[in-house]
>>> print(open('structure-v8.txt').read())   # compact mmCIF, C-alpha atoms
# COMPACT_ATOMS: atom_id res chain seq x y z
CA MET A 1 -1.29 2.69 4.58
CA ASN A 2 -4.07 1.34 2.32
CA GLN A 3 -4.00 3.55 -0.70
CA LEU A 4 -6.88 4.73 -2.89
CA ASN A 5 -6.90 3.54 -6.49
CA THR A 6 -8.11 6.74 -8.11
CA SER A 7 -7.78 5.21 -11.59
CA THR A 8 -10.64 2.73 -11.06
CA GLU A 9 -12.64 4.32 -8.23
CA THR A 10 -16.31 4.75 -9.13
CA ASN A 11 -18.23 4.92 -5.85
CA GLN A 12 -19.53 8.29 -4.68
CA ALA A 13 -18.12 10.02 -1.61
CA THR A 14 -21.53 9.92 0.06
CA ASP A 15 -21.82 6.13 -0.30
CA PHE A 16 -20.62 4.29 2.78
CA ALA A 17 -19.55 1.09 1.10
CA PHE A 18 -19.63 -1.15 4.19
CA SER A 19 -22.89 0.00 5.78
CA GLY A 20 -24.47 -3.39 5.06
CA LEU A 21 -21.60 -5.49 6.38
CA SER A 22 -22.96 -6.64 9.74
CA PRO A 23 -21.57 -9.54 11.83
CA ASP A 24 -24.43 -11.70 10.57
CA THR A 25 -23.50 -10.81 6.99
CA VAL A 26 -19.90 -11.82 7.61
CA LEU A 27 -21.02 -15.16 9.09
CA ASP A 28 -23.45 -15.78 6.21
CA ALA A 29 -20.69 -15.09 3.68
CA LEU A 30 -18.31 -17.50 5.41
CA GLU A 31 -20.98 -20.16 5.65
CA SER A 32 -21.49 -19.88 1.90
CA CYS A 33 -17.93 -21.27 1.68
CA ARG A 34 -18.71 -23.91 4.32
CA ILE A 35 -16.54 -22.13 6.88
CA TYR A 36 -18.03 -21.97 10.37
CA PRO A 37 -16.32 -19.69 12.91
CA GLU A 38 -15.92 -21.12 16.38
CA SER A 39 -14.66 -17.88 17.91
CA GLY A 40 -15.86 -14.31 17.61
CA LEU A 41 -14.75 -12.04 14.80
CA LEU A 42 -11.76 -9.85 15.66
CA ALA A 43 -11.57 -6.76 13.45
CA LEU A 44 -8.02 -6.15 12.24
CA ASN A 45 -6.42 -2.81 11.41
CA SER A 46 -7.64 -2.12 7.88
CA TYR A 47 -9.45 0.96 6.60
CA GLU A 48 -9.69 0.46 2.86
CA ASN A 49 -11.24 -2.98 3.27
CA ARG A 50 -12.78 -4.83 6.20
CA VAL A 51 -10.69 -7.66 7.65
CA TYR A 52 -11.61 -10.08 10.45
CA GLN A 53 -9.65 -12.80 12.20
CA PHE A 54 -11.36 -15.86 13.65
CA LYS A 55 -10.92 -19.51 14.57
CA ALA A 56 -12.86 -21.99 12.44
CA GLU A 57 -14.55 -25.06 13.86
CA ASP A 58 -11.77 -27.28 12.47
CA GLY A 59 -9.22 -25.37 14.58
CA GLN A 60 -7.70 -23.31 11.77
CA ARG A 61 -7.05 -19.64 12.45
CA LEU A 62 -8.19 -17.70 9.43
CA VAL A 63 -8.66 -14.14 8.19
CA VAL A 64 -11.48 -13.02 5.92
CA LYS A 65 -11.04 -9.89 3.82
CA PHE A 66 -14.06 -8.04 2.39
CA TYR A 67 -13.08 -5.84 -0.54
CA ARG A 68 -14.36 -2.28 -0.71
CA PRO A 69 -17.12 -2.26 -3.35
CA HIS A 70 -16.32 -0.57 -6.69
CA ARG A 71 -12.61 -0.11 -5.97
CA TRP A 72 -11.21 -3.03 -7.96
CA SER A 73 -12.75 -5.18 -10.67
CA ASP A 74 -12.95 -8.95 -10.24
CA GLU A 75 -10.16 -9.29 -12.80
CA GLN A 76 -7.90 -6.96 -10.83
CA ILE A 77 -8.55 -8.80 -7.56
CA LEU A 78 -7.84 -12.15 -9.22
CA GLU A 79 -4.54 -10.77 -10.53
CA GLU A 80 -3.67 -9.87 -6.94
CA HIS A 81 -4.50 -13.43 -5.85
CA ASP A 82 -2.59 -15.02 -8.72
CA PHE A 83 0.47 -12.91 -7.95
CA ALA A 84 0.37 -13.90 -4.27
CA GLN A 85 0.07 -17.57 -5.13
CA GLU A 86 2.86 -17.29 -7.70
CA LEU A 87 5.17 -15.81 -5.07
CA ALA A 88 4.20 -18.40 -2.45
CA ALA A 89 4.87 -21.18 -4.98
CA ALA A 90 8.39 -19.75 -5.39
CA ASP A 91 8.96 -20.25 -1.62
CA ILE A 92 8.65 -16.54 -0.93
CA PRO A 93 6.90 -15.89 2.43
CA MET A 94 3.79 -14.23 1.03
CA VAL A 95 0.39 -14.77 2.62
CA ALA A 96 -1.78 -15.98 -0.27
CA PRO A 97 -5.56 -16.49 -0.35
CA LEU A 98 -6.93 -19.99 0.14
CA ALA A 99 -8.54 -21.74 -2.79
CA ILE A 100 -11.95 -22.97 -1.64
CA GLU A 101 -13.72 -25.23 -4.13
CA GLY A 102 -11.20 -24.05 -6.71
CA LYS A 103 -11.85 -20.32 -6.17
CA THR A 104 -10.02 -17.60 -4.23
CA LEU A 105 -12.54 -14.80 -4.83
CA HIS A 106 -16.04 -15.31 -3.47
CA HIS A 107 -19.32 -13.39 -3.74
CA ALA A 108 -22.05 -13.32 -1.11
CA CYS A 109 -24.52 -10.86 0.38
CA GLY A 110 -23.50 -8.17 -2.12
CA PHE A 111 -19.80 -8.29 -1.16
CA ARG A 112 -16.64 -9.83 -2.56
CA PHE A 113 -14.28 -11.54 -0.15
CA ALA A 114 -11.30 -13.86 0.21
CA VAL A 115 -10.07 -16.08 3.03
CA PHE A 116 -6.43 -16.22 4.13
CA PRO A 117 -4.47 -18.19 6.70
CA SER A 118 -3.84 -16.16 9.85
CA VAL A 119 -0.17 -15.51 10.52
CA GLY A 120 1.46 -13.89 13.51
CA GLY A 121 4.67 -12.05 14.15
CA ARG A 122 6.15 -8.81 15.33
CA GLN A 123 6.66 -5.72 13.20
CA PHE A 124 9.71 -5.38 11.01
CA GLU A 125 12.28 -3.01 12.55
CA VAL A 126 13.32 -0.46 9.93
CA ASP A 127 16.47 0.48 11.85
CA ASN A 128 17.67 -3.13 12.19
CA ILE A 129 20.44 -3.66 9.63
CA ASP A 130 20.25 -7.47 9.82
CA GLN A 131 16.51 -7.41 9.14
CA LEU A 132 17.06 -4.88 6.36
CA GLU A 133 19.48 -7.29 4.68
CA TRP A 134 16.81 -10.00 4.81
CA MET A 135 14.33 -7.57 3.26
CA GLY A 136 16.68 -6.74 0.40
CA ARG A 137 17.10 -10.42 -0.45
CA PHE A 138 13.39 -11.19 -0.35
CA ILE A 139 12.34 -8.12 -2.34
CA GLY A 140 14.95 -9.13 -4.90
CA ARG A 141 13.35 -12.58 -5.03
CA ILE A 142 9.88 -11.06 -5.35
CA HIS A 143 11.01 -8.88 -8.24
CA ARG A 144 12.75 -11.77 -9.98
CA VAL A 145 9.39 -13.53 -10.11
CA ALA A 146 7.49 -10.31 -10.80
CA GLN A 147 9.45 -9.36 -13.92
CA SER A 148 8.50 -12.59 -15.71
CA LYS A 149 5.22 -11.10 -16.98
CA PRO A 150 3.16 -7.90 -16.58
CA PHE A 151 -0.21 -7.34 -14.99
CA ALA A 152 -2.98 -7.24 -17.58
CA SER A 153 -5.64 -5.44 -15.50
CA ARG A 154 -3.95 -3.78 -12.53
CA PRO A 155 -3.04 -0.08 -12.96
CA GLN A 156 0.36 1.58 -13.13
CA LEU A 157 1.93 3.78 -10.51
CA ASP A 158 2.04 7.07 -12.39
CA PRO A 159 1.75 10.85 -11.86
CA LYS A 160 -1.81 10.97 -13.18
CA SER A 161 -3.22 8.66 -10.49
CA PHE A 162 -0.85 9.75 -7.69
CA LEU A 163 -0.63 13.50 -8.34
CA GLU A 164 -3.15 14.88 -10.85
CA LYS A 165 -6.31 13.11 -9.68
CA PRO A 166 -5.43 13.59 -6.00
CA ARG A 167 -5.01 17.30 -6.71
CA GLU A 168 -8.54 17.39 -8.14
CA ILE A 169 -9.88 15.67 -5.03
CA LEU A 170 -8.10 18.10 -2.72
CA THR A 171 -9.38 21.08 -4.71
CA SER A 172 -12.98 20.09 -3.99
CA SER A 173 -12.39 18.93 -0.41
CA THR A 174 -14.26 20.76 2.34
CA LEU A 175 -11.72 19.52 4.90
CA LEU A 176 -8.96 21.88 3.79
CA PRO A 177 -9.58 25.09 5.80
CA SER A 178 -10.47 27.99 3.53
CA HIS A 179 -7.94 30.35 5.13
CA LEU A 180 -5.12 27.85 4.33
CA GLN A 181 -6.08 27.02 0.75
CA THR A 182 -3.95 29.71 -0.90
CA ALA A 183 -0.82 28.76 1.03
CA PHE A 184 -1.48 25.03 0.53
CA PHE A 185 -1.88 25.14 -3.26
CA ALA A 186 0.96 27.66 -3.56
CA ILE A 187 3.36 24.86 -2.56
CA LEU A 188 1.36 21.82 -3.77
CA ASP A 189 1.22 22.92 -7.40
CA PRO A 190 4.97 23.56 -7.87
CA LEU A 191 5.69 20.31 -5.98
CA ILE A 192 3.46 18.40 -8.39
CA ALA A 193 5.08 20.06 -11.41
CA GLU A 194 8.60 19.36 -10.13
CA THR A 195 7.76 15.76 -9.27
CA GLN A 196 6.24 15.16 -12.70
CA SER A 197 9.37 16.51 -14.37
CA ARG A 198 11.62 14.23 -12.33
CA TYR A 199 9.58 11.02 -12.44
CA LYS A 200 11.24 9.15 -15.30
CA ALA A 201 10.08 5.58 -14.69
CA THR A 202 11.17 2.82 -17.04
CA SER A 203 11.45 -0.96 -16.70
CA LEU A 204 8.08 -1.31 -15.00
CA ILE A 205 7.43 -4.59 -13.19
CA ARG A 206 4.73 -6.06 -10.98
CA LEU A 207 5.11 -4.63 -7.48
CA HIS A 208 3.91 -5.29 -3.96
CA GLY A 209 3.07 -1.59 -4.22
CA ASP A 210 2.68 -0.78 -0.52
CA CYS A 211 5.75 -2.42 1.02
CA HIS A 212 5.92 -0.48 4.27
CA PRO A 213 6.76 -1.93 7.72
CA GLY A 214 3.09 -2.36 8.62
CA ASN A 215 2.72 -4.90 5.81
CA ILE A 216 5.66 -7.01 7.00
CA LEU A 217 5.46 -9.42 9.92
CA TRP A 218 8.68 -10.75 11.43
CA ARG A 219 9.14 -14.22 12.87
CA ASP A 220 12.24 -16.17 11.81
CA GLY A 221 12.32 -13.79 8.87
CA PRO A 222 9.89 -11.56 6.98
CA MET A 223 6.33 -12.53 6.11
CA PHE A 224 4.74 -10.29 3.48
CA VAL A 225 1.03 -9.49 3.67
CA ASP A 226 -1.51 -7.38 1.80
CA LEU A 227 -1.04 -7.17 -1.96
CA ASP A 228 -4.14 -4.97 -2.17
CA ASP A 229 -2.14 -2.16 -3.81
CA CYS A 230 -0.06 -4.29 -6.18
CA ARG A 231 0.44 -2.61 -9.54
CA MET A 232 2.97 -2.01 -12.28
CA GLY A 233 5.78 0.41 -11.43
CA PRO A 234 9.51 0.88 -10.87
CA ALA A 235 11.34 -1.53 -8.54
CA MET A 236 12.33 1.36 -6.26
CA GLN A 237 8.71 1.67 -5.06
CA ASP A 238 9.12 -1.55 -3.04
CA LEU A 239 12.43 -0.40 -1.53
CA TRP A 240 12.33 3.29 -0.63
CA MET A 241 9.86 2.90 2.25
CA MET A 242 12.50 0.82 4.04
CA LEU A 243 14.62 3.98 4.45
CA CYS A 244 14.47 6.15 7.56
CA GLY A 245 16.56 8.65 9.52
CA ASP A 246 18.96 11.28 8.20
CA ARG A 247 20.76 11.20 4.86
CA GLN A 248 23.78 9.23 6.13
CA GLN A 249 21.56 6.62 7.74
CA GLN A 250 19.54 6.26 4.56
CA LEU A 251 22.69 5.88 2.47
CA LEU A 252 23.84 3.02 4.70
CA GLN A 253 20.39 1.40 4.60
CA LEU A 254 20.22 1.72 0.83
CA ASP A 255 23.66 0.14 0.45
CA VAL A 256 22.58 -2.84 2.58
CA LEU A 257 19.28 -3.22 0.72
CA ILE A 258 20.71 -3.08 -2.79
CA GLU A 259 23.68 -5.37 -2.08
CA ALA A 260 21.29 -8.01 -0.70
CA TYR A 261 18.72 -7.38 -3.48
CA GLU A 262 21.31 -8.01 -6.19
CA GLU A 263 22.03 -11.49 -4.85
CA PHE A 264 18.82 -12.44 -6.63
CA HIS A 265 17.91 -9.73 -9.12
CA HIS A 266 19.66 -6.91 -10.96
CA PHE A 267 18.81 -3.40 -9.80
CA ASP A 268 18.76 -0.48 -12.23
CA ASN A 269 20.86 2.23 -10.54
CA SER A 270 19.10 4.97 -12.49
CA GLN A 271 16.13 4.44 -10.17
CA PHE A 272 17.93 6.07 -7.22
CA SER A 273 16.67 9.38 -8.62
CA LEU A 274 13.08 8.18 -8.12
CA ILE A 275 13.19 8.03 -4.31
CA GLU A 276 12.12 11.62 -3.60
CA PRO A 277 9.57 11.82 -6.46
CA LEU A 278 7.99 8.60 -5.17
CA ARG A 279 7.93 10.02 -1.65
CA ALA A 280 6.23 13.19 -2.93
CA MET A 281 3.65 11.14 -4.83
CA ARG A 282 2.80 9.14 -1.72
CA MET A 283 2.38 12.30 0.37
CA VAL A 284 -0.07 13.88 -2.07
CA HIS A 285 -1.94 10.64 -2.65
CA TYR A 286 -2.33 10.00 1.08
CA MET A 287 -4.02 13.35 1.70
CA SER A 288 -6.49 12.77 -1.14
CA TRP A 289 -7.19 9.22 0.05
CA LEU A 290 -8.18 10.46 3.50
CA SER A 291 -10.27 13.24 1.99
CA GLN A 292 -12.22 10.97 -0.36
CA ARG A 293 -12.81 8.34 2.31
CA TRP A 294 -14.02 10.81 4.96
CA GLN A 295 -17.66 9.77 4.61
CA ASP A 296 -16.73 6.28 5.81
CA PRO A 297 -17.32 6.51 9.61
CA ALA A 298 -14.13 4.54 10.25
CA PHE A 299 -12.00 7.43 8.97
CA PRO A 300 -13.05 10.30 11.28
CA ARG A 301 -12.67 7.90 14.21
CA ALA A 302 -9.18 6.79 13.17
CA PHE A 303 -7.86 10.10 11.79
CA PRO A 304 -9.59 12.90 13.77
CA TRP A 305 -6.60 15.21 13.26
CA PHE A 306 -7.20 15.28 9.49
CA ALA A 307 -9.97 17.87 9.89
CA GLU A 308 -7.91 20.17 12.11
CA ASP A 309 -6.07 23.33 11.05
CA LYS A 310 -2.90 22.04 12.71
CA TYR A 311 -2.71 19.07 10.35
CA TRP A 312 -2.94 21.21 7.21
CA GLU A 313 -0.45 23.73 8.57
CA GLY A 314 1.93 20.82 9.12
CA GLN A 315 1.34 19.57 5.57
CA ILE A 316 2.23 22.96 4.10
CA LEU A 317 5.56 22.75 5.93
CA ALA A 318 6.07 19.09 4.97
CA LEU A 319 5.45 19.87 1.28
CA LYS A 320 8.00 22.69 1.42
CA GLU A 321 10.54 20.32 2.96
CA GLN A 322 9.78 17.74 0.28
CA MET A 323 10.26 20.32 -2.44
CA ALA A 324 13.72 21.01 -1.00
CA ALA A 325 14.43 17.26 -0.92
CA LEU A 326 13.65 17.02 -4.65
CA TYR A 327 16.51 19.42 -5.35
CA GLU A 328 19.05 17.51 -3.27
CA PRO A 329 21.44 15.09 -5.03
CA PRO A 330 19.80 11.64 -5.22
CA LEU A 331 20.86 8.96 -2.77
CA LYS A 332 23.19 6.50 -4.49
CA LEU A 333 25.67 3.76 -3.73
CA GLY A 334 29.36 4.43 -3.31
CA PHE A 335 28.95 7.07 -0.62
>>> encode(input="structure-v8.txt", output="structure tokens")
Amino acid sequence: MNQLNTSTETNQATDFAFSGLSPDTVLDALESCRIYPESGLLALNSYENRVYQFKAEDGQRLVVKFYRPHRWSDEQILEEHDFAQELAAADIPMVAPLAIEGKTLHHACGFRFAVFPSVGGRQFEVDNIDQLEWMGRFIGRIHRVAQSKPFASRPQLDPKSFLEKPREILTSSTLLPSHLQTAFFAILDPLIAETQSRYKATSLIRLHGDCHPGNILWRDGPMFVDLDDCRMGPAMQDLWMMLCGDRQQQLLQLDVLIEAYEEFHHFDNSQFSLIEPLRAMRMVHYMSWLSQRWQDPAFPRAFPWFAEDKYWEGQILALKEQMAALYEPPLKLGF
């Protein structure tokens, strides 16, 4: 999932940010960097930005990423690029932007964009214990590099941007059916309050931020992509999305992850209590992200169910289940 940065978002809901990004505009932008596609442009699965794969005339397979206007500042994007290059320099398999004429961030035709090498692979299997062990080691290596210094411009993962502002967006959304609003906010508000009371995040470090299986390609090992949501936050944010299944399965997965992680970096065990608050924050944030992006024509096409009663009825149930999960004893090692 590409998440909305509500802390820096300034564009209006009625402004379709990519309306001027035509194929000719993409080609003109690439040509400004002296890159000349030989093949057609293949649109990749990205909603927050626009991403295209192509083959250049020199035979290289490349990907160009156009950043959504107004979402990040140039300084924040450059911090993303610097972090990716720092990780790649440490022999961590992170896809980093190419430096073209000494720059990774380019401006053309009213858009900002970056060019990356194209990498292939299959999706990471969350239920594969061997692959999970690999992931633990590499996330430990990422965090060992990440803790060396903080971000200066990127935001923090915090309740204000992942709970309070999303709640404001959902309050004004016309997509939430009127006859479900009372029931929806009757569970959302206590969930937000409970999550805020339990989210005690310390030892913040630079994070991948959106380390879910869709952002991991598997070849002879993991290849990490898409640092678009990198930010400061607790280490657990880059680990909990690896967990799936029932409680016993998650306990086993967590044990494998942390044991492998600690081969390269110490893990603060107090962060086990953050798993369910972080899950709740992602749930609330995701709904607000879809709501605020609804004017982008790509969203109704990709998420038609978001405007249906059935979806919101399901979310009321999911929020109730998440509230119950907040009261369960935290997952921890030594089970």
>>> atom_distance(input="structure-v8.txt", atom1="CA of Ser161 (chain A)", atom2="CA of Trp289 (chain A)")
11.3 Å
>>> residues_around(input="structure-v8.txt", residues="Val95 (chain A)", least_positions_apart="4", cutoff="8 Å", atoms="only C-alpha atoms", output="PDB file with C-alpha atoms, in the coordinates of the input")
ATOM      1  CA  ALA A  84       0.370 -13.900  -4.270  1.00  0.00           C
ATOM      2  CA  ALA A  88       4.200 -18.400  -2.450  1.00  0.00           C
ATOM      3  CA  PHE A 116      -6.430 -16.220   4.130  1.00  0.00           C
ATOM      4  CA  PRO A 117      -4.470 -18.190   6.700  1.00  0.00           C
ATOM      5  CA  VAL A 119      -0.170 -15.510  10.520  1.00  0.00           C
ATOM      6  CA  MET A 223       6.330 -12.530   6.110  1.00  0.00           C
ATOM      7  CA  PHE A 224       4.740 -10.290   3.480  1.00  0.00           C
ATOM      8  CA  VAL A 225       1.030  -9.490   3.670  1.00  0.00           C
ATOM      9  CA  ASP A 226      -1.510  -7.380   1.800  1.00  0.00           C
TER      10      ASP A 226
END
>>> residues_around(input="structure-v8.txt", residues="region 250-263 of chain A", least_positions_apart="3", cutoff="12 Å", atoms="only C-alpha atoms", output="PDB file with C-alpha atoms, in the frame of the given file")
ATOM      1  CA  VAL A 126      13.320  -0.460   9.930  1.00  0.00           C
ATOM      2  CA  ASP A 127      16.470   0.480  11.850  1.00  0.00           C
ATOM      3  CA  ASN A 128      17.670  -3.130  12.190  1.00  0.00           C
ATOM      4  CA  ILE A 129      20.440  -3.660   9.630  1.00  0.00           C
ATOM      5  CA  ASP A 130      20.250  -7.470   9.820  1.00  0.00           C
ATOM      6  CA  GLN A 131      16.510  -7.410   9.140  1.00  0.00           C
ATOM      7  CA  LEU A 132      17.060  -4.880   6.360  1.00  0.00           C
ATOM      8  CA  GLU A 133      19.480  -7.290   4.680  1.00  0.00           C
ATOM      9  CA  TRP A 134      16.810 -10.000   4.810  1.00  0.00           C
ATOM     10  CA  MET A 135      14.330  -7.570   3.260  1.00  0.00           C
ATOM     11  CA  GLY A 136      16.680  -6.740   0.400  1.00  0.00           C
ATOM     12  CA  ARG A 137      17.100 -10.420  -0.450  1.00  0.00           C
ATOM     13  CA  PHE A 138      13.390 -11.190  -0.350  1.00  0.00           C
ATOM     14  CA  ILE A 139      12.340  -8.120  -2.340  1.00  0.00           C
ATOM     15  CA  GLY A 140      14.950  -9.130  -4.900  1.00  0.00           C
ATOM     16  CA  ARG A 141      13.350 -12.580  -5.030  1.00  0.00           C
ATOM     17  CA  ILE A 142       9.880 -11.060  -5.350  1.00  0.00           C
ATOM     18  CA  HIS A 143      11.010  -8.880  -8.240  1.00  0.00           C
ATOM     19  CA  ARG A 144      12.750 -11.770  -9.980  1.00  0.00           C
ATOM     20  CA  ALA A 235      11.340  -1.530  -8.540  1.00  0.00           C
ATOM     21  CA  MET A 236      12.330   1.360  -6.260  1.00  0.00           C
ATOM     22  CA  ASP A 238       9.120  -1.550  -3.040  1.00  0.00           C
ATOM     23  CA  LEU A 239      12.430  -0.400  -1.530  1.00  0.00           C
ATOM     24  CA  TRP A 240      12.330   3.290  -0.630  1.00  0.00           C
ATOM     25  CA  MET A 241       9.860   2.900   2.250  1.00  0.00           C
ATOM     26  CA  MET A 242      12.500   0.820   4.040  1.00  0.00           C
ATOM     27  CA  LEU A 243      14.620   3.980   4.450  1.00  0.00           C
ATOM     28  CA  CYS A 244      14.470   6.150   7.560  1.00  0.00           C
ATOM     29  CA  GLY A 245      16.560   8.650   9.520  1.00  0.00           C
ATOM     30  CA  ASP A 246      18.960  11.280   8.200  1.00  0.00           C
ATOM     31  CA  ARG A 247      20.760  11.200   4.860  1.00  0.00           C
ATOM     32  CA  HIS A 266      19.660  -6.910 -10.960  1.00  0.00           C
ATOM     33  CA  PHE A 267      18.810  -3.400  -9.800  1.00  0.00           C
ATOM     34  CA  ASP A 268      18.760  -0.480 -12.230  1.00  0.00           C
ATOM     35  CA  ASN A 269      20.860   2.230 -10.540  1.00  0.00           C
ATOM     36  CA  GLN A 271      16.130   4.440 -10.170  1.00  0.00           C
ATOM     37  CA  PHE A 272      17.930   6.070  -7.220  1.00  0.00           C
ATOM     38  CA  ILE A 275      13.190   8.030  -4.310  1.00  0.00           C
ATOM     39  CA  PRO A 329      21.440  15.090  -5.030  1.00  0.00           C
ATOM     40  CA  PRO A 330      19.800  11.640  -5.220  1.00  0.00           C
ATOM     41  CA  LEU A 331      20.860   8.960  -2.770  1.00  0.00           C
ATOM     42  CA  LYS A 332      23.190   6.500  -4.490  1.00  0.00           C
ATOM     43  CA  LEU A 333      25.670   3.760  -3.730  1.00  0.00           C
ATOM     44  CA  GLY A 334      29.360   4.430  -3.310  1.00  0.00           C
ATOM     45  CA  PHE A 335      28.950   7.070  -0.620  1.00  0.00           C
TER      46      PHE A 335
END
>>> atom_distance(input="structure-v8.txt", atom1="CA of Pro159 (chain A)", atom2="CA of Met232 (chain A)")
12.9 Å
>>> atom_distance(input="structure-v8.txt", atom1="CA of Pro93 (chain A)", atom2="CA of Val51 (chain A)")
20.1 Å
>>> closest_atom_pairs(input="structure-v8.txt", of="region 164-268 of chain A", to="region 317-324 of chain A", cutoff="8 Å", atoms="all atoms listed in the file", output="CSV")
residue,atom,partner,partner_atom,distance
A:Ile187,CA,A:Lys320,CA,6.5
A:Leu188,CA,A:Leu319,CA,6.8
A:Leu191,CA,A:Met323,CA,5.8
A:Glu194,CA,A:Met323,CA,7.9
>>> closest_residue(input="structure-v8.txt", among="A:Lys55, A:Lys65, A:Arg122, A:Lys310", to="Ala29 (chain A)", atoms="all atoms listed in the file")
A:Lys65
>>> residues_around(input="structure-v8.txt", residues="Glu31 (chain A)", least_positions_apart="2", cutoff="12 Å", atoms="only C-alpha atoms", output="VMD selection string")
chain A and resid 24 to 29 33 to 38 56 to 57 64 100 106 to 109 115
>>> closest_atom_pairs(input="structure-v8.txt", of="region 55-168 of chain A", to="region 209-214 of chain A", cutoff="8 Å", atoms="only C-alpha atoms", output="JSON lines")
{"residue": "A:Gln123", "atom": "CA", "partner": "A:Pro213", "partner_atom": "CA", "distance": 6.7}
{"residue": "A:Phe124", "atom": "CA", "partner": "A:Pro213", "partner_atom": "CA", "distance": 5.6}
{"residue": "A:Glu125", "atom": "CA", "partner": "A:Pro213", "partner_atom": "CA", "distance": 7.4}
{"residue": "A:Val126", "atom": "CA", "partner": "A:Pro213", "partner_atom": "CA", "distance": 7.1}
>>> write_last_selection(input="structure-v8.txt", atoms="C-alpha atoms", output="PDB file, keeping the file's coordinate frame")
ATOM      1  CA  GLN A 123       6.660  -5.720  13.200  1.00  0.00           C
ATOM      2  CA  PHE A 124       9.710  -5.380  11.010  1.00  0.00           C
ATOM      3  CA  GLU A 125      12.280  -3.010  12.550  1.00  0.00           C
ATOM      4  CA  VAL A 126      13.320  -0.460   9.930  1.00  0.00           C
TER       5      VAL A 126
END
>>> closest_residue(input="structure-v8.txt", among="A:Trp312, A:Phe66, A:Tyr47, A:Phe54", to="Phe111 (chain A)", atoms="only C-alpha atoms")
A:Phe66
>>> residues_around(input="structure-v8.txt", residues="Glu164 (chain A)", least_positions_apart="3", cutoff="10 Å", atoms="only C-alpha atoms", output="list of chain:residue names")
A:Thr6, A:Asp158, A:Pro159, A:Lys160, A:Ser161, A:Arg167, A:Glu168, A:Ile169, A:Asp189, A:Ile192, A:Ala193, A:Gln196, A:Met281, A:Val284, A:His285
>>> write_last_selection(input="structure-v8.txt", atoms="C-alpha atoms", output="PDB file, in the frame of the given file")
ATOM      1  CA  THR A   6      -8.110   6.740  -8.110  1.00  0.00           C
ATOM      2  CA  ASP A 158       2.040   7.070 -12.390  1.00  0.00           C
ATOM      3  CA  PRO A 159       1.750  10.850 -11.860  1.00  0.00           C
ATOM      4  CA  LYS A 160      -1.810  10.970 -13.180  1.00  0.00           C
ATOM      5  CA  SER A 161      -3.220   8.660 -10.490  1.00  0.00           C
ATOM      6  CA  ARG A 167      -5.010  17.300  -6.710  1.00  0.00           C
ATOM      7  CA  GLU A 168      -8.540  17.390  -8.140  1.00  0.00           C
ATOM      8  CA  ILE A 169      -9.880  15.670  -5.030  1.00  0.00           C
ATOM      9  CA  ASP A 189       1.220  22.920  -7.400  1.00  0.00           C
ATOM     10  CA  ILE A 192       3.460  18.400  -8.390  1.00  0.00           C
ATOM     11  CA  ALA A 193       5.080  20.060 -11.410  1.00  0.00           C
ATOM     12  CA  GLN A 196       6.240  15.160 -12.700  1.00  0.00           C
ATOM     13  CA  MET A 281       3.650  11.140  -4.830  1.00  0.00           C
ATOM     14  CA  VAL A 284      -0.070  13.880  -2.070  1.00  0.00           C
ATOM     15  CA  HIS A 285      -1.940  10.640  -2.650  1.00  0.00           C
TER      16      HIS A 285
END
>>> closest_residue(input="structure-v8.txt", among="A:Trp72, A:Tyr52, A:Phe83, A:Phe184", to="Leu207 (chain A)", atoms="all atoms listed in the file")
A:Phe83
